[in-house]
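What follows is a single structure, written as structure tokens, with notes after it.
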2 protein chains.
Amino acid sequence: MPQPTARLMDGTALARRTISAAADRAAEITRRTGTAPCLATVLVGEDPASVTYVRMKRNRCEQVGIRSLHVALPTTASTAELVDTIGALSADPAVHGILLQHPVGPHIDERAAFEAIAPEKDVDGVTMHSFAAMGFGLPGFVSCTPGGILRLLDAYGVELAGRHAVVVGRSPILGKPTGLLLLGRDATVTYCHSRTADLPAHLARADVLVAAVGRPRLILGEHLKPGAVVVDAGYNPGNVGDVDFDSAAARASLITPVPGGVGPMTIAVLLEQTVHAAGRQLGVPATA
Amino acid sequence: MPQPTARLMDGTALARRTISAAADRAAEITRRTGTAPCLATVLVGEDPASVTYVRMKRNRCEQVGIRSLHVALPTTASTAELVDTIGALSADPAVHGILLQHPVGPHIDERAAFEAIAPEKDVDGVTMHSFAAMGFGLPGFVSCTPGGILRLLDAYGVELAGRHAVVVGRSPILGKPTGLLLLGRDATVTYCHSRTADLPAHLARADVLVAAVGRPRLILGEHLKPGAVVVDAGYNPGNVGDVDFDSAAARASLITPVPGGVGPMTIAVLLEQTVHAAGRQLGVPATA
């Protein structure tokens, strides 16, 4: 049995620190303006997993001093109804951030719904504006999981400039923005995906490997370059990541556990960005 | 002396065909609506190269039956003046496409100016909306040079799915969108750039190599995987590309010349997208 040699990247601990800082900032904003930061959550239908995710996010908001405003639409809601709902939240000065829980169901144009989120309230980083801002290195909100990944890499002192980062996955809110953020940090970036011809050859060249594809234990220790930094952003049933942890930990230098790695950072970045959005909209500049 | 074995990708010929089709379509739109497609060109200052580029584009427009409307602002124009000018063109129903010649000068916020272009008139593919549309595979205008590169690859039957494409360069309107378009076509994509640690190692693995970095003859034949497809999108003084043509042509299977490769396709895509924008705005659907 391989011995783990990799150091763990502890997302739970880093998320705790990030959330604590967000709570302090939320308290400052509330004290100075009399208004608490507010995140609007929008849910279409009653998918149990989505209901749970939204409840979890709302609970976290309250713990941090962020007011949450929940809008539940029936499964039968149309794209137009959803767009109108989100448009009203975008225009509402009492709402500082908007989170549309996805997936929203096959009968709805998800992109149209996302685009109804005003860029300055897109604290989940899902709009085309936010994507391009990540691509161009402009100010804006990042997609929360990619943002959390970068935070973890920074917290553990991972050098990115000039190193070869391989991102497995190319979804609009995970793989693609993660690669753009890594590119913005001067990594050489390779995107692999389901159509990649020789995935093991690419994996073996990664100084930094981000698995973001949603295929349980796709990546094994034997695939890794010795000493690689491994970030597992996969989410699969049974709390299983895209990386086979035991074999990978025997070969990597740093690795995220699942759970307790990337997952906690996603919500931490959401809360942090919500507080940041509120601070900007309420005219409370961040103190140094 | 190495013997050229590569087949040439003839951008001049493909551009001629593309422009001819755009001219037919412009004539159809004009005939059916009484209004010719119109491209507004905006130039700040009097940089000789920029003046020449704009004149060239306007001449091509006229040859194709696209009306061109030129707006020249003085070098001293502010960001606000430029944004107002472009905003007015965005709102003007007689204008179907807008091209802002860049660079616009260091005192102007170029991004703010680009963002004043309405997405439906962004025929040069420079807005954040267009970038994200390329990233997400959504309908929209492509950046003209990346779009031209894809056209060339398609015209020469280059299979992209599952193949390894290496893009050297990561500028917002060339390298980055080219990589996103290739990724959208199911290539495995690696972005290299000035900070890449071992560029030759990456070049040697490219089935399809796109040079888009602006460094004369950076890429030599000896760097190439035998049989690679080489696209040279570099533009350097003296009509020199980023690829050393003679040595590369001895090793590649397909290669773009400079000049006569990517360059002519850029303007062809601009004209095509202008006509397409006009057709949509004037309610003349494309015939099959």
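Following the order of the structure tokens, chains are lettered A, B, ..., residues in each are numbered from 1, and ligands are numbered from 1.
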Could the residues of chain A within 7 Å of chain B, counting only C-alpha atoms, be given as number ranges by chain, please? A: 128-129, 131-132, 136, 161-163, 172, 186, 188-192, 195-197
Extract, using only C-alpha atoms, all DNA, RNA and protein residues at most 8 Å from Val258 (chain A), discarding same-chain residues fewer than 4 positions from it, and format them as a VMD selection string. chain A and resid 232 239 to 241 262 to 263
Dump all heavy atoms for the selected residues as a PDB file, in the first residue's frame?
```pdb
ATOM      1  N   ASP A 232      -8.105  18.671  -6.693  1.00  0.00           N
ATOM      2  CA  ASP A 232      -9.242  17.844  -7.109  1.00  0.00           C
ATOM      3  C   ASP A 232     -10.527  18.639  -6.937  1.00  0.00           C
ATOM      4  O   ASP A 232     -11.033  18.799  -5.828  1.00  0.00           O
ATOM      5  CB  ASP A 232      -9.276  16.568  -6.252  1.00  0.00           C
ATOM      6  CG  ASP A 232     -10.302  15.560  -6.763  1.00  0.00           C
ATOM      7  OD1 ASP A 232     -11.114  15.916  -7.646  1.00  0.00           O
ATOM      8  OD2 ASP A 232     -10.272  14.417  -6.284  1.00  0.00           O
ATOM      9  N   ASN A 239     -19.099  11.591  -2.294  1.00  0.00           N
ATOM     10  CA  ASN A 239     -17.939  12.395  -1.884  1.00  0.00           C
ATOM     11  C   ASN A 239     -16.628  11.886  -2.462  1.00  0.00           C
ATOM     12  O   ASN A 239     -15.584  11.898  -1.806  1.00  0.00           O
ATOM     13  CB  ASN A 239     -17.837  12.437  -0.353  1.00  0.00           C
ATOM     14  CG  ASN A 239     -18.303  13.791   0.175  1.00  0.00           C
ATOM     15  OD1 ASN A 239     -18.205  14.790  -0.529  1.00  0.00           O
ATOM     16  ND2 ASN A 239     -18.809  13.802   1.383  1.00  0.00           N
ATOM     17  N   VAL A 240     -16.688  11.409  -3.692  1.00  0.00           N
ATOM     18  CA  VAL A 240     -15.503  10.912  -4.367  1.00  0.00           C
ATOM     19  C   VAL A 240     -15.050  11.966  -5.378  1.00  0.00           C
ATOM     20  O   VAL A 240     -15.871  12.527  -6.101  1.00  0.00           O
ATOM     21  CB  VAL A 240     -15.804   9.578  -5.086  1.00  0.00           C
ATOM     22  CG1 VAL A 240     -14.621   9.145  -5.931  1.00  0.00           C
ATOM     23  CG2 VAL A 240     -16.167   8.507  -4.077  1.00  0.00           C
ATOM     24  N   GLY A 241     -13.770  12.212  -5.411  1.00  0.00           N
ATOM     25  CA  GLY A 241     -13.242  13.197  -6.338  1.00  0.00           C
ATOM     26  C   GLY A 241     -12.909  12.592  -7.685  1.00  0.00           C
ATOM     27  O   GLY A 241     -13.207  11.424  -7.965  1.00  0.00           O
ATOM     28  N   VAL A 262     -11.246  21.619  -2.109  1.00  0.00           N
ATOM     29  CA  VAL A 262     -11.800  22.716  -2.909  1.00  0.00           C
ATOM     30  C   VAL A 262     -13.207  23.104  -2.446  1.00  0.00           C
ATOM     31  O   VAL A 262     -13.566  24.285  -2.436  1.00  0.00           O
ATOM     32  CB  VAL A 262     -11.815  22.310  -4.405  1.00  0.00           C
ATOM     33  CG1 VAL A 262     -12.565  23.328  -5.234  1.00  0.00           C
ATOM     34  CG2 VAL A 262     -10.383  22.134  -4.909  1.00  0.00           C
ATOM     35  N   GLY A 263     -13.992  22.116  -2.065  1.00  0.00           N
ATOM     36  CA  GLY A 263     -15.400  22.348  -1.729  1.00  0.00           C
ATOM     37  C   GLY A 263     -15.628  23.507  -0.774  1.00  0.00           C
ATOM     38  O   GLY A 263     -16.373  24.446  -1.103  1.00  0.00           O
TER      39      GLY A 263
END
```
Enumerate, as a VMD selection string, the complete set of residues in region 30-274 of chain A that a backbone-based DSSP assignment places in strand (DSSP E). chain A and resid 38 to 44 67 to 73 97 to 100 164 to 168 188 to 192 208 to 211 229 to 232 254 to 255
Just checking: using only C-alpha atoms, which residue out of B:Thr33, B:Gln63, B:Thr76, B:Thr41 ends up closest to Leu100 (chain B)? B:Thr41
Can you list, as a ChimeraX atom specification, all residues belonging to region 73-147 of chain A that DSSP tags as helix (DSSP H, G or I)? /A:79-91,110-115,119-121,128-136,144-147
When you draw a straight line from CA of Pro285 (chain A) to CA of Pro93 (chain A), how long is it in Å? 17.4 Å
Near Thr256 (chain A), counting only C-alpha atoms, which residues have an atom at most 10 Å away, once you skip same-chain residues fewer than 6 positions from it, shown as a PyMOL selection string? chain A and resi 6-11+149+152-153+229-233+241+243+245+249+262-263
Next, dump the selected residues to file, keeping only all heavy atoms, as a tab-separated table (two decimals), in the first residue's frame.
```tsv
chain	number	residue	atom	x	y	z
A	6	ALA	N	2.37	13.35	0.21
A	6	ALA	CA	1.97	14.72	-0.12
A	6	ALA	C	1.47	15.44	1.12
A	6	ALA	O	0.84	14.85	2.00
A	6	ALA	CB	0.86	14.69	-1.17
A	7	ARG	N	1.72	16.72	1.14
A	7	ARG	CA	1.15	17.59	2.16
A	7	ARG	C	-0.29	17.90	1.72
A	7	ARG	O	-0.55	18.07	0.53
A	7	ARG	CB	1.97	18.87	2.18
A	7	ARG	CG	1.86	19.67	3.45
A	7	ARG	CD	2.92	20.78	3.43
A	7	ARG	NE	2.43	21.94	4.13
A	7	ARG	CZ	2.64	23.20	3.77
A	7	ARG	NH1	3.36	23.45	2.68
A	7	ARG	NH2	2.16	24.19	4.48
A	8	LEU	N	-1.20	17.97	2.67
A	8	LEU	CA	-2.59	18.28	2.34
A	8	LEU	C	-2.79	19.79	2.20
A	8	LEU	O	-2.25	20.56	2.99
A	8	LEU	CB	-3.53	17.79	3.45
A	8	LEU	CG	-3.78	16.29	3.54
A	8	LEU	CD1	-4.83	16.02	4.62
A	8	LEU	CD2	-4.26	15.74	2.20
A	9	MET	N	-3.57	20.16	1.20
A	9	MET	CA	-4.04	21.55	1.12
A	9	MET	C	-5.40	21.58	1.82
A	9	MET	O	-6.39	21.03	1.30
A	9	MET	CB	-4.14	22.00	-0.34
A	9	MET	CG	-2.75	22.21	-0.95
A	9	MET	SD	-2.81	22.97	-2.59
A	9	MET	CE	-3.03	21.52	-3.62
A	10	ASP	N	-5.42	22.19	2.97
A	10	ASP	CA	-6.58	22.11	3.85
A	10	ASP	C	-7.58	23.22	3.53
A	10	ASP	O	-7.46	24.34	4.02
A	10	ASP	CB	-6.08	22.22	5.30
A	10	ASP	CG	-7.19	22.03	6.31
A	10	ASP	OD1	-8.38	22.13	5.92
A	10	ASP	OD2	-6.89	21.80	7.49
A	11	GLY	N	-8.54	22.88	2.70
A	11	GLY	CA	-9.54	23.86	2.30
A	11	GLY	C	-10.47	24.25	3.43
A	11	GLY	O	-10.95	25.39	3.48
A	149	ILE	N	-9.78	27.70	-5.91
A	149	ILE	CA	-8.59	26.92	-6.28
A	149	ILE	C	-7.35	27.81	-6.26
A	149	ILE	O	-6.31	27.46	-5.70
A	149	ILE	CB	-8.78	26.28	-7.67
A	149	ILE	CG1	-9.83	25.17	-7.58
A	149	ILE	CG2	-7.46	25.74	-8.22
A	149	ILE	CD1	-10.30	24.63	-8.93
A	152	LEU	N	-6.28	28.53	-2.73
A	152	LEU	CA	-5.59	27.40	-2.11
A	152	LEU	C	-4.14	27.33	-2.59
A	152	LEU	O	-3.22	27.15	-1.78
A	152	LEU	CB	-6.31	26.10	-2.47
A	152	LEU	CG	-7.39	25.62	-1.51
A	152	LEU	CD1	-8.15	24.44	-2.12
A	152	LEU	CD2	-6.79	25.21	-0.16
A	153	LEU	N	-3.96	27.47	-3.88
A	153	LEU	CA	-2.60	27.39	-4.42
A	153	LEU	C	-1.73	28.51	-3.82
A	153	LEU	O	-0.58	28.28	-3.44
A	153	LEU	CB	-2.63	27.49	-5.95
A	153	LEU	CG	-3.29	26.31	-6.66
A	153	LEU	CD1	-3.47	26.61	-8.15
A	153	LEU	CD2	-2.48	25.02	-6.48
A	229	VAL	N	1.59	19.16	-7.97
A	229	VAL	CA	0.57	19.74	-7.10
A	229	VAL	C	-0.78	19.34	-7.68
A	229	VAL	O	-1.05	19.61	-8.85
A	229	VAL	CB	0.71	21.27	-7.03
A	229	VAL	CG1	-0.44	21.88	-6.25
A	229	VAL	CG2	2.06	21.65	-6.44
A	230	VAL	N	-1.62	18.70	-6.87
A	230	VAL	CA	-2.86	18.13	-7.39
A	230	VAL	C	-4.06	18.78	-6.70
A	230	VAL	O	-4.18	18.74	-5.47
A	230	VAL	CB	-2.89	16.60	-7.17
A	230	VAL	CG1	-4.23	16.02	-7.64
A	230	VAL	CG2	-1.73	15.94	-7.92
A	231	VAL	N	-4.91	19.38	-7.52
A	231	VAL	CA	-6.14	19.99	-7.02
A	231	VAL	C	-7.32	19.21	-7.58
A	231	VAL	O	-7.48	19.11	-8.79
A	231	VAL	CB	-6.25	21.47	-7.46
A	231	VAL	CG1	-7.57	22.07	-7.00
A	231	VAL	CG2	-5.07	22.27	-6.92
A	232	ASP	N	-8.11	18.67	-6.69
A	232	ASP	CA	-9.24	17.84	-7.11
A	232	ASP	C	-10.53	18.64	-6.94
A	232	ASP	O	-11.03	18.80	-5.83
A	232	ASP	CB	-9.28	16.57	-6.25
A	232	ASP	CG	-10.30	15.56	-6.76
A	232	ASP	OD1	-11.11	15.92	-7.65
A	232	ASP	OD2	-10.27	14.42	-6.28
A	233	ALA	N	-11.03	19.15	-8.03
A	233	ALA	CA	-12.28	19.92	-7.99
A	233	ALA	C	-13.45	19.07	-8.47
A	233	ALA	O	-14.52	19.60	-8.77
A	233	ALA	CB	-12.15	21.18	-8.83
A	241	GLY	N	-13.77	12.21	-5.41
A	241	GLY	CA	-13.24	13.20	-6.34
A	241	GLY	C	-12.91	12.59	-7.68
A	241	GLY	O	-13.21	11.42	-7.96
A	243	VAL	N	-9.85	12.40	-8.55
A	243	VAL	CA	-8.51	11.86	-8.33
A	243	VAL	C	-8.60	10.70	-7.33
A	243	VAL	O	-9.32	10.81	-6.33
A	243	VAL	CB	-7.58	12.97	-7.79
A	243	VAL	CG1	-6.20	12.41	-7.46
A	243	VAL	CG2	-7.48	14.12	-8.78
A	245	PHE	N	-7.36	9.40	-4.40
A	245	PHE	CA	-6.55	10.12	-3.41
A	245	PHE	C	-5.35	9.32	-2.94
A	245	PHE	O	-4.22	9.84	-2.90
A	245	PHE	CB	-7.42	10.53	-2.22
A	245	PHE	CG	-6.65	11.31	-1.19
A	245	PHE	CD1	-6.46	12.67	-1.34
A	245	PHE	CD2	-6.06	10.67	-0.11
A	245	PHE	CE1	-5.70	13.39	-0.42
A	245	PHE	CE2	-5.30	11.39	0.81
A	245	PHE	CZ	-5.13	12.75	0.66
A	249	ALA	N	-1.72	10.73	-3.53
A	249	ALA	CA	-1.03	11.34	-2.39
A	249	ALA	C	0.36	10.73	-2.19
A	249	ALA	O	1.24	11.35	-1.59
A	249	ALA	CB	-1.86	11.18	-1.12
A	262	VAL	N	-11.25	21.62	-2.11
A	262	VAL	CA	-11.80	22.72	-2.91
A	262	VAL	C	-13.21	23.10	-2.45
A	262	VAL	O	-13.57	24.28	-2.44
A	262	VAL	CB	-11.82	22.31	-4.40
A	262	VAL	CG1	-12.56	23.33	-5.23
A	262	VAL	CG2	-10.38	22.13	-4.91
A	263	GLY	N	-13.99	22.12	-2.07
A	263	GLY	CA	-15.40	22.35	-1.73
A	263	GLY	C	-15.63	23.51	-0.77
A	263	GLY	O	-16.37	24.45	-1.10
```
Computed interatomic separation between CA of His96 (chain B) and CA of Asp24 (chain B) (Å):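 Computed distance, CA of His96 (chain B) to CA of Asp24 (chain B), equals 17.1 Å.
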Determine, counting only C-alpha atoms, which protein, DNA and RNA residues have an atom within 10 Å of an atom of Leu218 (chain A); residues of the same chain fewer than 5 positions away are not included. Present the result as a PyMOL selection string. chain A and resi 211+213+223+234+241-244
I'd like the neighbourhood of Asp47 (chain B) as a ChimeraX atom specification, where a residue qualifies if any of its atoms comes within 12 Å (using only C-alpha atoms), though same-chain residues fewer than 4 positions away should be ignored. /B:43,51-54,72-75,101-105
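Between CA of Leu224 (chain B) and CA of Thr145 (chain B) the separation is 22.6 Å.
Residues within 9 Å of Leu271 (chain A), counting only C-alpha atoms and excluding same-chain residues fewer than 2 positions away, are Thr18, Ile19, Ala22, Ala23, Leu39, Lys57, Arg60, Cys61, Val64, Ile66, Val123, Thr266, Ile267, Ala268, Val269, Gln273, Thr274, Val275 and His276 of chain A.
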The residue from B:Val44, B:Cys38, B:Ala278, B:Val208 with the smallest atom-to-atom distance to Ala252 (chain B), counting only C-alpha atoms, is B:Val208
